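Structure data (mmCIF, C-alpha atoms) from target08.cif:
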data_entry
#
loop_
_atom_site.group_PDB
_atom_site.id
_atom_site.type_symbol
_atom_site.label_atom_id
_atom_site.label_comp_id
_atom_site.auth_asym_id
_atom_site.auth_seq_id
_atom_site.Cartn_x
_atom_site.Cartn_y
_atom_site.Cartn_z
ATOM 1 C CA MET A 551 -13.179 -63.082 4.196
ATOM 2 C CA THR A 552 -13.927 -65.284 7.232
ATOM 3 C CA ASP A 553 -14.773 -63.916 10.654
ATOM 4 C CA THR A 554 -11.395 -65.064 11.947
ATOM 5 C CA ALA A 555 -9.621 -63.135 9.215
ATOM 6 C CA LYS A 556 -11.548 -60.025 10.238
ATOM 7 C CA ILE A 557 -10.188 -60.427 13.742
ATOM 8 C CA ILE A 558 -6.603 -60.419 12.464
ATOM 9 C CA VAL A 559 -6.984 -57.138 10.602
ATOM 10 C CA GLY A 560 -9.210 -55.569 13.254
ATOM 11 C CA GLU A 561 -8.545 -52.789 15.694
ATOM 12 C CA ASN A 562 -6.810 -54.836 18.400
ATOM 13 C CA PRO A 563 -4.274 -57.163 16.752
ATOM 14 C CA SER A 564 -2.099 -57.007 19.870
ATOM 15 C CA ASP A 565 -4.940 -58.501 21.922
ATOM 16 C CA LEU A 566 -5.202 -61.371 19.469
ATOM 17 C CA ALA A 567 -1.436 -61.953 19.633
ATOM 18 C CA LYS A 568 -1.649 -62.118 23.430
ATOM 19 C CA ASP A 569 -4.499 -64.623 23.274
ATOM 20 C CA LEU A 570 -2.553 -66.791 20.846
ATOM 21 C CA ALA A 571 0.548 -66.647 23.059
ATOM 22 C CA VAL A 572 -1.619 -67.926 25.932
ATOM 23 C CA ALA A 573 -2.876 -70.757 23.694
ATOM 24 C CA ALA A 574 0.689 -71.667 22.701
ATOM 25 C CA ALA A 575 1.789 -71.730 26.352
ATOM 26 C CA PHE A 576 -1.185 -73.964 27.204
ATOM 27 C CA THR A 577 -0.246 -76.252 24.325
ATOM 28 C CA ARG A 578 3.348 -76.650 25.461
ATOM 29 C CA LYS A 579 2.457 -77.330 29.101
ATOM 30 C CA HIS A 580 -0.256 -79.841 28.300
ATOM 31 C CA ALA A 581 1.908 -81.614 25.722
ATOM 32 C CA ILE A 582 4.638 -82.053 28.338
ATOM 33 C CA ALA A 583 2.121 -83.337 30.887
ATOM 34 C CA SER A 584 0.586 -85.828 28.468
ATOM 35 C CA ILE A 585 4.008 -87.184 27.472
ATOM 36 C CA TYR A 586 4.901 -87.538 31.155
ATOM 37 C CA HIS A 587 1.725 -89.515 31.866
ATOM 38 C CA ALA A 588 2.197 -91.661 28.762
ATOM 39 C CA GLY A 589 5.763 -92.584 29.636
ATOM 40 C CA SER A 590 6.803 -91.891 26.048
ATOM 41 C CA GLY A 591 6.282 -89.425 23.249
ATOM 42 C CA HIS A 592 7.839 -86.696 21.130
ATOM 43 C CA PRO A 593 8.362 -83.487 23.118
ATOM 44 C CA GLY A 594 10.845 -81.663 20.865
ATOM 45 C CA GLY A 595 8.588 -81.180 17.875
ATOM 46 C CA ALA A 596 5.525 -80.540 20.042
ATOM 47 C CA MET A 597 7.325 -77.596 21.626
ATOM 48 C CA SER A 598 8.558 -76.222 18.301
ATOM 49 C CA SER A 599 5.123 -76.338 16.637
ATOM 50 C CA ALA A 600 3.004 -74.836 19.436
ATOM 51 C CA ASP A 601 2.990 -71.253 18.121
ATOM 52 C CA ILE A 602 2.105 -72.438 14.619
ATOM 53 C CA LEU A 603 -0.835 -74.480 15.895
ATOM 54 C CA ALA A 604 -2.006 -71.633 18.117
ATOM 55 C CA CYS A 605 -2.150 -69.284 15.126
ATOM 56 C CA LEU A 606 -3.893 -71.792 12.883
ATOM 57 C CA PHE A 607 -6.588 -72.898 15.326
ATOM 58 C CA GLY A 608 -7.000 -69.583 17.099
ATOM 59 C CA ALA A 609 -7.066 -67.182 14.162
ATOM 60 C CA GLU A 610 -6.417 -68.441 10.661
ATOM 61 C CA MET A 611 -8.640 -71.463 10.109
ATOM 62 C CA ASN A 612 -12.388 -71.414 9.753
ATOM 63 C CA PHE A 613 -12.737 -74.473 11.967
ATOM 64 C CA TRP A 614 -14.436 -74.589 15.375
ATOM 65 C CA PRO A 615 -15.943 -77.434 17.429
ATOM 66 C CA ASP A 616 -19.450 -76.825 16.073
ATOM 67 C CA GLN A 617 -18.153 -77.113 12.491
ATOM 68 C CA ILE A 618 -16.839 -80.672 12.612
ATOM 69 C CA HIS A 619 -19.406 -81.800 10.036
ATOM 70 C CA ASP A 620 -19.626 -78.535 8.097
ATOM 71 C CA PRO A 621 -18.504 -79.230 4.500
ATOM 72 C CA GLN A 622 -17.170 -75.673 4.227
ATOM 73 C CA ARG A 623 -14.908 -75.924 7.281
ATOM 74 C CA ASP A 624 -11.200 -75.521 6.726
ATOM 75 C CA ARG A 625 -9.209 -78.751 7.014
ATOM 76 C CA PHE A 626 -6.027 -79.392 9.017
ATOM 77 C CA VAL A 627 -3.722 -82.362 8.484
ATOM 78 C CA LEU A 628 -0.861 -83.022 10.899
ATOM 79 C CA SER A 629 1.529 -84.594 8.425
ATOM 80 C CA LYS A 630 4.160 -84.884 11.187
ATOM 81 C CA GLY A 631 1.888 -87.215 13.106
ATOM 82 C CA HIS A 632 4.331 -87.630 15.995
ATOM 83 C CA GLY A 633 3.457 -84.040 16.959
ATOM 84 C CA ALA A 634 0.102 -85.361 18.210
ATOM 85 C CA PRO A 635 0.563 -84.200 21.844
ATOM 86 C CA ALA A 636 0.590 -80.581 20.648
ATOM 87 C CA LEU A 637 -2.422 -81.158 18.383
ATOM 88 C CA TYR A 638 -4.414 -82.716 21.220
ATOM 89 C CA ALA A 639 -3.484 -79.844 23.522
ATOM 90 C CA ILE A 640 -4.508 -77.048 21.142
ATOM 91 C CA ALA A 641 -7.718 -78.960 20.380
ATOM 92 C CA ALA A 642 -8.494 -79.158 24.100
ATOM 93 C CA HIS A 643 -7.792 -75.453 24.479
ATOM 94 C CA HIS A 644 -10.454 -74.712 21.859
ATOM 95 C CA GLY A 645 -13.036 -77.186 23.110
ATOM 96 C CA PHE A 646 -12.738 -79.966 20.541
ATOM 97 C CA CYS A 647 -12.117 -82.375 23.421
ATOM 98 C CA GLY A 648 -11.880 -82.338 27.202
ATOM 99 C CA ILE A 649 -8.746 -80.906 28.780
ATOM 100 C CA LYS A 650 -8.188 -83.856 31.112
ATOM 101 C CA ASP A 651 -9.111 -86.289 28.350
ATOM 102 C CA SER A 652 -6.364 -84.873 26.149
ATOM 103 C CA LEU A 653 -3.773 -85.880 28.762
ATOM 104 C CA ARG A 654 -4.567 -89.583 28.220
ATOM 105 C CA LEU A 655 -1.925 -89.911 25.522
ATOM 106 C CA ARG A 656 -1.147 -93.479 24.455
ATOM 107 C CA LYS A 657 -3.281 -95.015 27.195
ATOM 108 C CA LEU A 658 -5.125 -98.287 26.601
ATOM 109 C CA ASN A 659 -8.537 -97.612 25.002
ATOM 110 C CA SER A 660 -7.819 -93.890 24.821
ATOM 111 C CA PRO A 661 -8.705 -92.147 21.546
ATOM 112 C CA PHE A 662 -5.572 -90.010 21.978
ATOM 113 C CA GLN A 663 -3.139 -92.359 20.320
ATOM 114 C CA GLY A 664 0.542 -91.668 19.768
ATOM 115 C CA HIS A 665 -0.375 -90.503 16.264
ATOM 116 C CA PRO A 666 -3.758 -89.030 15.258
ATOM 117 C CA HIS A 667 -6.386 -91.583 14.248
ATOM 118 C CA VAL A 668 -9.375 -90.515 12.172
ATOM 119 C CA LEU A 669 -11.707 -93.168 13.570
ATOM 120 C CA ASP A 670 -11.083 -92.180 17.190
ATOM 121 C CA LEU A 671 -11.408 -88.402 17.075
ATOM 122 C CA PRO A 672 -14.152 -86.794 14.947
ATOM 123 C CA TRP A 673 -12.182 -83.554 14.445
ATOM 124 C CA VAL A 674 -9.117 -85.359 13.024
ATOM 125 C CA GLU A 675 -9.275 -85.317 9.222
ATOM 126 C CA THR A 676 -7.006 -88.286 8.549
ATOM 127 C CA SER A 677 -4.684 -90.727 10.297
ATOM 128 C CA THR A 678 -1.023 -89.769 10.050
ATOM 129 C CA GLY A 679 2.323 -91.044 11.247
ATOM 130 C CA SER A 680 4.021 -92.502 8.189
ATOM 131 C CA LEU A 681 5.947 -89.428 7.108
ATOM 132 C CA GLY A 682 5.131 -87.932 3.721
ATOM 133 C CA GLN A 683 1.608 -89.300 3.551
ATOM 134 C CA GLY A 684 -0.111 -86.423 5.345
ATOM 135 C CA ILE A 685 0.714 -83.826 2.719
ATOM 136 C CA SER A 686 -0.458 -86.245 0.033
ATOM 137 C CA VAL A 687 -3.837 -86.599 1.764
ATOM 138 C CA ALA A 688 -4.029 -82.818 2.173
ATOM 139 C CA LEU A 689 -3.326 -82.485 -1.539
ATOM 140 C CA GLY A 690 -6.207 -84.835 -2.337
ATOM 141 C CA MET A 691 -8.533 -82.892 -0.059
ATOM 142 C CA ALA A 692 -7.579 -79.605 -1.708
ATOM 143 C CA MET A 693 -8.121 -81.061 -5.163
ATOM 144 C CA GLY A 694 -11.506 -82.474 -4.186
ATOM 145 C CA LEU A 695 -12.630 -79.159 -2.716
ATOM 146 C CA LYS A 696 -11.613 -77.401 -5.924
ATOM 147 C CA LEU A 697 -13.615 -79.821 -8.020
ATOM 148 C CA GLN A 698 -16.653 -79.242 -5.794
ATOM 149 C CA LYS A 699 -16.131 -75.456 -5.936
ATOM 150 C CA ASN A 700 -16.009 -75.516 -2.152
ATOM 151 C CA PRO A 701 -14.289 -72.407 -0.670
ATOM 152 C CA ALA A 702 -12.703 -74.299 2.228
ATOM 153 C CA ARG A 703 -8.932 -74.277 2.605
ATOM 154 C CA VAL A 704 -6.543 -77.069 3.595
ATOM 155 C CA TYR A 705 -3.575 -76.610 5.921
ATOM 156 C CA THR A 706 -0.926 -79.232 6.580
ATOM 157 C CA LEU A 707 1.980 -79.127 9.019
ATOM 158 C CA LEU A 708 5.154 -81.010 8.105
ATOM 159 C CA GLY A 709 8.361 -81.712 9.969
ATOM 160 C CA ASP A 710 11.586 -80.740 8.251
ATOM 161 C CA GLY A 711 13.055 -84.247 8.446
ATOM 162 C CA GLU A 712 9.865 -85.365 6.714
ATOM 163 C CA LEU A 713 10.947 -83.396 3.650
ATOM 164 C CA GLN A 714 13.529 -86.104 2.981
ATOM 165 C CA GLU A 715 10.646 -88.307 1.832
ATOM 166 C CA GLY A 716 10.254 -88.346 -1.951
ATOM 167 C CA GLU A 717 6.475 -88.433 -1.615
ATOM 168 C CA VAL A 718 6.573 -84.856 -0.306
ATOM 169 C CA TRP A 719 8.120 -83.600 -3.531
ATOM 170 C CA GLU A 720 5.698 -85.577 -5.681
ATOM 171 C CA ALA A 721 2.905 -83.809 -3.789
ATOM 172 C CA ALA A 722 4.639 -80.460 -4.270
ATOM 173 C CA MET A 723 4.845 -81.021 -8.012
ATOM 174 C CA CYS A 724 1.222 -82.169 -8.249
ATOM 175 C CA ALA A 725 -0.153 -79.280 -6.163
ATOM 176 C CA ALA A 726 1.552 -76.711 -8.363
ATOM 177 C CA HIS A 727 0.461 -78.444 -11.558
ATOM 178 C CA HIS A 728 -3.181 -78.280 -10.450
ATOM 179 C CA ARG A 729 -2.822 -74.699 -9.165
ATOM 180 C CA LEU A 730 -4.145 -75.583 -5.730
ATOM 181 C CA ASP A 731 -4.258 -72.140 -4.180
ATOM 182 C CA ASN A 732 -6.519 -73.542 -1.448
ATOM 183 C CA LEU A 733 -3.570 -75.530 -0.044
ATOM 184 C CA CYS A 734 -1.104 -74.157 2.503
ATOM 185 C CA ALA A 735 1.800 -76.242 3.791
ATOM 186 C CA ILE A 736 3.713 -75.200 6.892
ATOM 187 C CA ILE A 737 7.217 -76.496 7.604
ATOM 188 C CA ASP A 738 8.217 -76.789 11.259
ATOM 189 C CA TYR A 739 11.829 -76.020 10.381
ATOM 190 C CA ASN A 740 13.662 -76.747 13.621
ATOM 191 C CA LYS A 741 16.711 -78.155 11.772
ATOM 192 C CA LEU A 742 16.790 -81.413 13.773
ATOM 193 C CA GLN A 743 15.382 -84.880 13.316
ATOM 194 C CA SER A 744 15.413 -88.115 15.258
ATOM 195 C CA ASP A 745 19.137 -88.930 15.204
ATOM 196 C CA ASN A 746 20.972 -85.730 14.336
ATOM 197 C CA SER A 747 20.704 -82.454 12.471
ATOM 198 C CA ASN A 748 19.145 -82.373 9.020
ATOM 199 C CA GLU A 749 22.430 -81.010 7.709
ATOM 200 C CA VAL A 750 24.263 -84.163 8.785
ATOM 201 C CA ILE A 751 21.633 -86.707 7.731
ATOM 202 C CA MET A 752 20.465 -85.107 4.468
ATOM 203 C CA ARG A 753 20.606 -81.359 4.005
ATOM 204 C CA LEU A 754 17.517 -79.503 2.871
ATOM 205 C CA GLU A 755 18.922 -76.164 1.818
ATOM 206 C CA PRO A 756 18.262 -74.210 -0.286
ATOM 207 C CA LEU A 757 14.766 -75.057 0.942
ATOM 208 C CA ALA A 758 12.901 -71.906 -0.110
ATOM 209 C CA ALA A 759 14.477 -72.046 -3.556
ATOM 210 C CA LYS A 760 13.342 -75.641 -3.983
ATOM 211 C CA PHE A 761 9.714 -74.782 -3.284
ATOM 212 C CA ARG A 762 9.939 -71.754 -5.577
ATOM 213 C CA ALA A 763 11.298 -74.042 -8.285
ATOM 214 C CA PHE A 764 8.147 -76.132 -7.866
ATOM 215 C CA ASP A 765 6.148 -72.900 -8.349
ATOM 216 C CA TRP A 766 4.904 -72.486 -4.796
ATOM 217 C CA ALA A 767 4.393 -69.107 -3.141
ATOM 218 C CA VAL A 768 6.969 -69.081 -0.350
ATOM 219 C CA ALA A 769 7.125 -67.180 2.933
ATOM 220 C CA GLU A 770 9.930 -67.566 5.483
ATOM 221 C CA VAL A 771 9.183 -66.484 9.053
ATOM 222 C CA ASP A 772 10.241 -66.823 12.656
ATOM 223 C CA GLY A 773 8.013 -69.716 13.688
ATOM 224 C CA HIS A 774 7.769 -68.370 17.223
ATOM 225 C CA ASP A 775 6.744 -64.843 16.210
ATOM 226 C CA ILE A 776 2.944 -64.799 16.239
ATOM 227 C CA VAL A 777 2.627 -61.572 14.274
ATOM 228 C CA GLU A 778 4.912 -62.898 11.530
ATOM 229 C CA LEU A 779 2.999 -66.160 11.375
ATOM 230 C CA LEU A 780 -0.374 -64.427 11.102
ATOM 231 C CA SER A 781 0.912 -62.183 8.331
ATOM 232 C CA ALA A 782 2.319 -65.145 6.407
ATOM 233 C CA PHE A 783 -0.976 -67.035 6.662
ATOM 234 C CA ARG A 784 -2.914 -64.003 5.416
ATOM 235 C CA ARG A 785 -0.592 -63.721 2.418
ATOM 236 C CA ALA A 786 -0.983 -67.424 1.747
ATOM 237 C CA SER A 787 -4.776 -67.187 1.757
ATOM 238 C CA ALA A 788 -4.588 -64.265 -0.673
ATOM 239 C CA THR A 789 -2.388 -66.195 -3.122
ATOM 240 C CA HIS A 790 -4.063 -67.134 -6.394
ATOM 241 C CA GLY A 791 -3.126 -69.768 -8.939
ATOM 242 C CA ARG A 792 -0.579 -71.735 -6.903
ATOM 243 C CA PRO A 793 -0.147 -73.386 -3.501
ATOM 244 C CA ALA A 794 1.602 -71.644 -0.621
ATOM 245 C CA VAL A 795 4.209 -72.796 1.856
ATOM 246 C CA VAL A 796 5.209 -71.113 5.098
ATOM 247 C CA ILE A 797 8.736 -72.077 6.144
ATOM 248 C CA ALA A 798 8.644 -71.468 9.891
ATOM 249 C CA HIS A 799 12.101 -71.335 11.464
ATOM 250 C CA THR A 800 11.675 -72.869 14.906
ATOM 251 C CA ILE A 801 13.647 -74.241 17.840
ATOM 252 C CA LYS A 802 13.346 -77.899 18.750
ATOM 253 C CA GLY A 803 12.127 -78.119 22.334
ATOM 254 C CA LYS A 804 11.233 -74.406 22.401
ATOM 255 C CA GLY A 805 10.651 -73.092 25.918
ATOM 256 C CA VAL A 806 12.370 -75.934 27.788
ATOM 257 C CA PRO A 807 16.089 -75.058 28.137
ATOM 258 C CA TYR A 808 17.335 -78.604 28.633
ATOM 259 C CA MET A 809 15.507 -79.725 25.461
ATOM 260 C CA GLU A 810 16.268 -76.867 23.091
ATOM 261 C CA ASN A 811 18.284 -77.806 20.006
ATOM 262 C CA ILE A 812 19.130 -81.294 21.298
ATOM 263 C CA PRO A 813 18.182 -84.140 18.902
ATOM 264 C CA THR A 814 17.709 -86.727 21.653
ATOM 265 C CA TRP A 815 14.565 -84.873 22.747
ATOM 266 C CA HIS A 816 12.954 -85.490 19.369
ATOM 267 C CA GLY A 817 11.008 -88.454 20.656
ATOM 268 C CA SER A 818 10.732 -91.954 22.111
ATOM 269 C CA VAL A 819 11.683 -90.535 25.491
ATOM 270 C CA LYS A 820 10.350 -91.021 29.001
ATOM 271 C CA LEU A 821 10.126 -87.923 31.165
ATOM 272 C CA THR A 822 10.987 -88.364 34.824
ATOM 273 C CA ARG A 823 8.953 -86.497 37.416
ATOM 274 C CA GLU A 824 11.842 -84.087 37.963
ATOM 275 C CA GLN A 825 12.241 -83.452 34.229
ATOM 276 C CA ALA A 826 8.505 -82.844 33.815
ATOM 277 C CA GLU A 827 8.458 -80.439 36.756
ATOM 278 C CA ASP A 828 11.493 -78.561 35.431
ATOM 279 C CA ALA A 829 9.945 -78.339 31.961
ATOM 280 C CA LEU A 830 6.614 -77.056 33.253
ATOM 281 C CA ALA A 831 8.308 -74.509 35.495
ATOM 282 C CA ALA A 832 10.339 -73.237 32.537
ATOM 283 C CA LEU A 833 7.084 -72.919 30.596
ATOM 284 C CA GLY A 834 5.620 -70.676 33.281
ATOM 285 C CA ALA A 835 3.579 -73.096 35.379
ATOM 286 C CA ASP A 836 3.500 -72.415 39.111
ATOM 287 C CA GLY A 837 3.571 -75.112 41.783
ATOM 288 C CA SER A 838 -0.179 -75.502 41.906
ATOM 289 C CA GLU A 839 -0.502 -75.889 38.146
ATOM 290 C CA ILE A 840 2.384 -78.345 38.046
ATOM 291 C CA ARG A 841 0.730 -80.523 40.690
ATOM 292 C CA GLU A 842 -2.598 -80.302 38.889
ATOM 293 C CA LEU A 843 -1.063 -81.412 35.599
ATOM 294 C CA LEU A 844 1.136 -84.169 36.976
ATOM 295 C CA ASP A 845 -0.911 -85.491 39.906
ATOM 296 C CA HIS A 846 -4.500 -84.909 38.863
ATOM 297 C CA GLY A 847 -4.220 -84.809 35.078
ATOM 298 C CA GLN A 848 -5.992 -88.122 34.650
#
Step by step, read the file and then write its structure as structure tokens.
Amino acid sequence: MTDTAKIIVGENPSDLAKDLAVAAAFTRKHAIASIYHAGSGHPGGAMSSADILACLFGAEMNFWPDQIHDPQRDRFVLSKGHGAPALYAIAAHHGFCGIKDSLRLRKLNSPFQGHPHVLDLPWVETSTGSLGQGISVALGMAMGLKLQKNPARVYTLLGDGELQEGEVWEAAMCAAHHRLDNLCAIIDYNKLQSDNSNEVIMRLEPLAAKFRAFDWAVAEVDGHDIVELLSAFRRASATHGRPAVVIAHTIKGKGVPYMENIPTWHGSVKLTREQAEDALAALGADGSEIRELLDHGQ
């Protein structure tokens, strides 16, 4: 059991949950600010995935800034690469990069590209953006670790629209065949994709039954309930003989009322100053913090 796992089952789990809620709030605010400064980006999925990332980086994974080159570190692959603003924000919160640096999304010569790039950021495991490929890379990592008898685990976060890619289901079949119990996939199941709802474009249900049919251990949780997420990750890490998937039911644009459950806020949008201020205020930022993020963030 890792030190982080000991924290989860320790005497003060409520304190941990509070710390992770703070990390998620930081992630949402800084993702909004970086998208505002960039003039483009994908806010909807960054908001929906913030609690998941907070739990992974703050409690579940054995991965800290001083472990970037440790072969026994846990690995994280953002298969939904367009969620990069949230990844950069949670990384800044934990000291993998500078807080102000992480706001330089999509800027010329900035390492914080619109999708994660392995050659620009030493704590990014692989470049992602073409949907479906991230889980395939995570699968390869998990298989390699197994062959090396390395105890590290691999976590990969997918968007639900991404599940319409056939490559995802090839990876699901392969992971089960090779009994990769060191692999955990998380679905950011916010029910929306770029143009419309999943149900309209290509329905995914019965999603849990599909993964069970591929012989994955399945957990379904409220993706904004930190306690539920932590419990699901613990069960996943205790699973033997097959991979695990956490289907996290989330809300697109979570925390920003004018974005919630509206497909047009998926991505490729430019936030006005007023929209950014309204979003940050809804996320709990006061006037001073809003000015700091929007005026002095770079």
Task: Best match for closeness to Phe761 in chain A among A:Cys605, A:Ile801, A:Leu713, A:Ala782, counting only C-alpha atoms - done: A:Leu713
Open item on the list: Once the PyMOL selection byres ((chain A and resi 720) around 12) is applied to the coordinates I shared, what remains selected? I want it as a ChimeraX atom specification.
Closed with: /A:682-683,685-686,689,713-719,721-727,761,764
- [ ] Excluding Pro661 in chain A and residues on its chain fewer than 4 positions from it, collect all residues at most 12 Å away from it, counting all atoms listed in the file, and give them as a PyMOL selection string.
- [x] chain A and resi 634+638+647-648+651-657+665-674
Task: Contacts of Val777 in chain A at 12 Å (all atoms listed in the file; same-chain gap of 2+ positions) as an MDAnalysis selection string - done: chainID A and resid 558:559 563:571 601:602 604:605 609:610 771:775 779:784
Task: d(CA of Thr814 in chain A, CA of Gly711 in chain A) in Å - done: 14.2 Å
Mind giving me the axis-aligned box for range 567-581 of chain A with 5 Å on every side, centre plus edges in Å to one decimal, as lines of an AutoDock Vina configuration file?
center_x = -0.6
center_y = -71.8
center_z = 24.4
size_x = 17.8
size_y = 29.7
size_z = 19.5
TODO: Rank nothing, just name the residue among A:Ala692, A:Leu742, A:Ala636, A:Ile737 nearest to His816 in chain A, using all atoms listed in the file.
DONE: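 The shortest atom-to-atom distance to His816 in chain A comes from A:Leu742.
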Task: For CA of Ala832 in chain A and CA of Gly709 in chain A, the interatomic separation in Å (one decimal) - done: 24.2 Å
Open item on the list: Could you tell me how far CA of Asp616 in chain A sits from CA of Arg703 in chain A, in Å to one decimal place?
Closed with: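 If I compute the distance from CA of Arg703 in chain A to CA of Asp616 in chain A, I get 17.3 Å.
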- [ ] Give me the result of the PyMOL selection byres ((chain A and resi 708) around 12) on this file, residue by residue, as a PyMOL selection string.
- [x] chain A and resi 595-596+598-599+602-603+626-633+678-686+688+705-707+709-715+718+734-740+795-798
Keeping C-alpha atoms for every residue in the selection just given, could you write it to a file as a CSV table (one decimal), in the coordinates of the input?
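Output below, filename out.csv:
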chain,number,residue,atom,x,y,z
A,595,GLY,CA,8.6,-81.2,17.9
A,596,ALA,CA,5.5,-80.5,20.0
A,598,SER,CA,8.6,-76.2,18.3
A,599,SER,CA,5.1,-76.3,16.6
A,602,ILE,CA,2.1,-72.4,14.6
A,603,LEU,CA,-0.8,-74.5,15.9
A,626,PHE,CA,-6.0,-79.4,9.0
A,627,VAL,CA,-3.7,-82.4,8.5
A,628,LEU,CA,-0.9,-83.0,10.9
A,629,SER,CA,1.5,-84.6,8.4
A,630,LYS,CA,4.2,-84.9,11.2
A,631,GLY,CA,1.9,-87.2,13.1
A,632,HIS,CA,4.3,-87.6,16.0
A,633,GLY,CA,3.5,-84.0,17.0
A,678,THR,CA,-1.0,-89.8,10.0
A,679,GLY,CA,2.3,-91.0,11.2
A,680,SER,CA,4.0,-92.5,8.2
A,681,LEU,CA,5.9,-89.4,7.1
A,682,GLY,CA,5.1,-87.9,3.7
A,683,GLN,CA,1.6,-89.3,3.6
A,684,GLY,CA,-0.1,-86.4,5.3
A,685,ILE,CA,0.7,-83.8,2.7
A,686,SER,CA,-0.5,-86.2,0.0
A,688,ALA,CA,-4.0,-82.8,2.2
A,705,TYR,CA,-3.6,-76.6,5.9
A,706,THR,CA,-0.9,-79.2,6.6
A,707,LEU,CA,2.0,-79.1,9.0
A,709,GLY,CA,8.4,-81.7,10.0
A,710,ASP,CA,11.6,-80.7,8.3
A,711,GLY,CA,13.1,-84.2,8.4
A,712,GLU,CA,9.9,-85.4,6.7
A,713,LEU,CA,10.9,-83.4,3.6
A,714,GLN,CA,13.5,-86.1,3.0
A,715,GLU,CA,10.6,-88.3,1.8
A,718,VAL,CA,6.6,-84.9,-0.3
A,734,CYS,CA,-1.1,-74.2,2.5
A,735,ALA,CA,1.8,-76.2,3.8
A,736,ILE,CA,3.7,-75.2,6.9
A,737,ILE,CA,7.2,-76.5,7.6
A,738,ASP,CA,8.2,-76.8,11.3
A,739,TYR,CA,11.8,-76.0,10.4
A,740,ASN,CA,13.7,-76.7,13.6
A,795,VAL,CA,4.2,-72.8,1.9
A,796,VAL,CA,5.2,-71.1,5.1
A,797,ILE,CA,8.7,-72.1,6.1
A,798,ALA,CA,8.6,-71.5,9.9
Task: Counting all atoms listed in the file, the residue of A:Asn811, A:Ser787, A:Gln617, A:Asn562 that sits nearest Ser744 in chain A - done: A:Asn811
Taking the file as shown, find all residues satisfying the PyMOL selection byres ((chain A and resi 579-581) around 8) and write them as a JSON list (two decimals) with C-alpha atoms, in the coordinates of the input.
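Generated file (selection-v2.json):
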[["chain", "number", "residue", "atom", "x", "y", "z"],
["A", 575, "ALA", "CA", 1.79, -71.73, 26.35],
["A", 576, "PHE", "CA", -1.18, -73.96, 27.20],
["A", 577, "THR", "CA", -0.25, -76.25, 24.32],
["A", 578, "ARG", "CA", 3.35, -76.65, 25.46],
["A", 582, "ILE", "CA", 4.64, -82.05, 28.34],
["A", 583, "ALA", "CA", 2.12, -83.34, 30.89],
["A", 584, "SER", "CA", 0.59, -85.83, 28.47],
["A", 585, "ILE", "CA", 4.01, -87.18, 27.47],
["A", 593, "PRO", "CA", 8.36, -83.49, 23.12],
["A", 596, "ALA", "CA", 5.52, -80.54, 20.04],
["A", 597, "MET", "CA", 7.32, -77.60, 21.63],
["A", 635, "PRO", "CA", 0.56, -84.20, 21.84],
["A", 636, "ALA", "CA", 0.59, -80.58, 20.65],
["A", 638, "TYR", "CA", -4.41, -82.72, 21.22],
["A", 639, "ALA", "CA", -3.48, -79.84, 23.52],
["A", 653, "LEU", "CA", -3.77, -85.88, 28.76],
["A", 830, "LEU", "CA", 6.61, -77.06, 33.25],
["A", 833, "LEU", "CA", 7.08, -72.92, 30.60],
["A", 835, "ALA", "CA", 3.58, -73.10, 35.38],
["A", 843, "LEU", "CA", -1.06, -81.41, 35.60]]
Task: For Glu810 in chain A, the nearest of the candidates A:Gly594, A:Ala758, A:Glu675, A:Gly664, counting all atoms listed in the file - done: A:Gly594
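Among A:Ala763, A:Leu821, A:Ala829, A:Ile776, the residue with the shortest atom-to-atom distance to Gly803 in chain A, counting all atoms listed in the file, is A:Ala829.
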Open item on the list: For a quick check of understanding, using all atoms listed in the file, which of A:Glu770, A:Asp731, A:Asp620, A:Glu842 has the smallest distance to Ala786 in chain A?
Closed with: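 Checking each of A:Glu770, A:Asp731, A:Asp620, A:Glu842 against Ala786 in chain A, counting all atoms listed in the file, the winner is A:Asp731.
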If I only have part of range 702-709 of chain A, can you fill in N, CA and C atoms and write it as a PDB file, keeping the file's coordinate frame?
ATOM      1  N   ALA A 702     -13.538 -73.919   1.086  1.00  0.00           N
ATOM      2  CA  ALA A 702     -12.703 -74.299   2.228  1.00  0.00           C
ATOM      3  C   ALA A 702     -11.238 -74.411   1.824  1.00  0.00           C
ATOM      4  N   ARG A 703     -10.371 -74.166   2.814  1.00  0.00           N
ATOM      5  CA  ARG A 703      -8.932 -74.277   2.605  1.00  0.00           C
ATOM      6  C   ARG A 703      -8.379 -75.478   3.375  1.00  0.00           C
ATOM      7  N   VAL A 704      -7.199 -75.932   2.953  1.00  0.00           N
ATOM      8  CA  VAL A 704      -6.543 -77.069   3.595  1.00  0.00           C
ATOM      9  C   VAL A 704      -5.161 -76.630   4.066  1.00  0.00           C
ATOM     10  N   TYR A 705      -4.867 -76.929   5.319  1.00  0.00           N
ATOM     11  CA  TYR A 705      -3.575 -76.610   5.921  1.00  0.00           C
ATOM     12  C   TYR A 705      -2.925 -77.912   6.372  1.00  0.00           C
ATOM     13  N   THR A 706      -1.629 -78.037   6.135  1.00  0.00           N
ATOM     14  CA  THR A 706      -0.926 -79.232   6.580  1.00  0.00           C
ATOM     15  C   THR A 706       0.421 -78.843   7.170  1.00  0.00           C
ATOM     16  N   LEU A 707       0.733 -79.425   8.313  1.00  0.00           N
ATOM     17  CA  LEU A 707       1.980 -79.127   9.019  1.00  0.00           C
ATOM     18  C   LEU A 707       2.939 -80.296   8.865  1.00  0.00           C
ATOM     19  N   LEU A 708       4.130 -79.998   8.330  1.00  0.00           N
ATOM     20  CA  LEU A 708       5.154 -81.010   8.105  1.00  0.00           C
ATOM     21  C   LEU A 708       6.362 -80.761   8.991  1.00  0.00           C
ATOM     22  N   GLY A 709       7.058 -81.838   9.341  1.00  0.00           N
ATOM     23  CA  GLY A 709       8.361 -81.712   9.969  1.00  0.00           C
ATOM     24  C   GLY A 709       9.419 -81.526   8.904  1.00  0.00           C
TER      25      GLY A 709
END
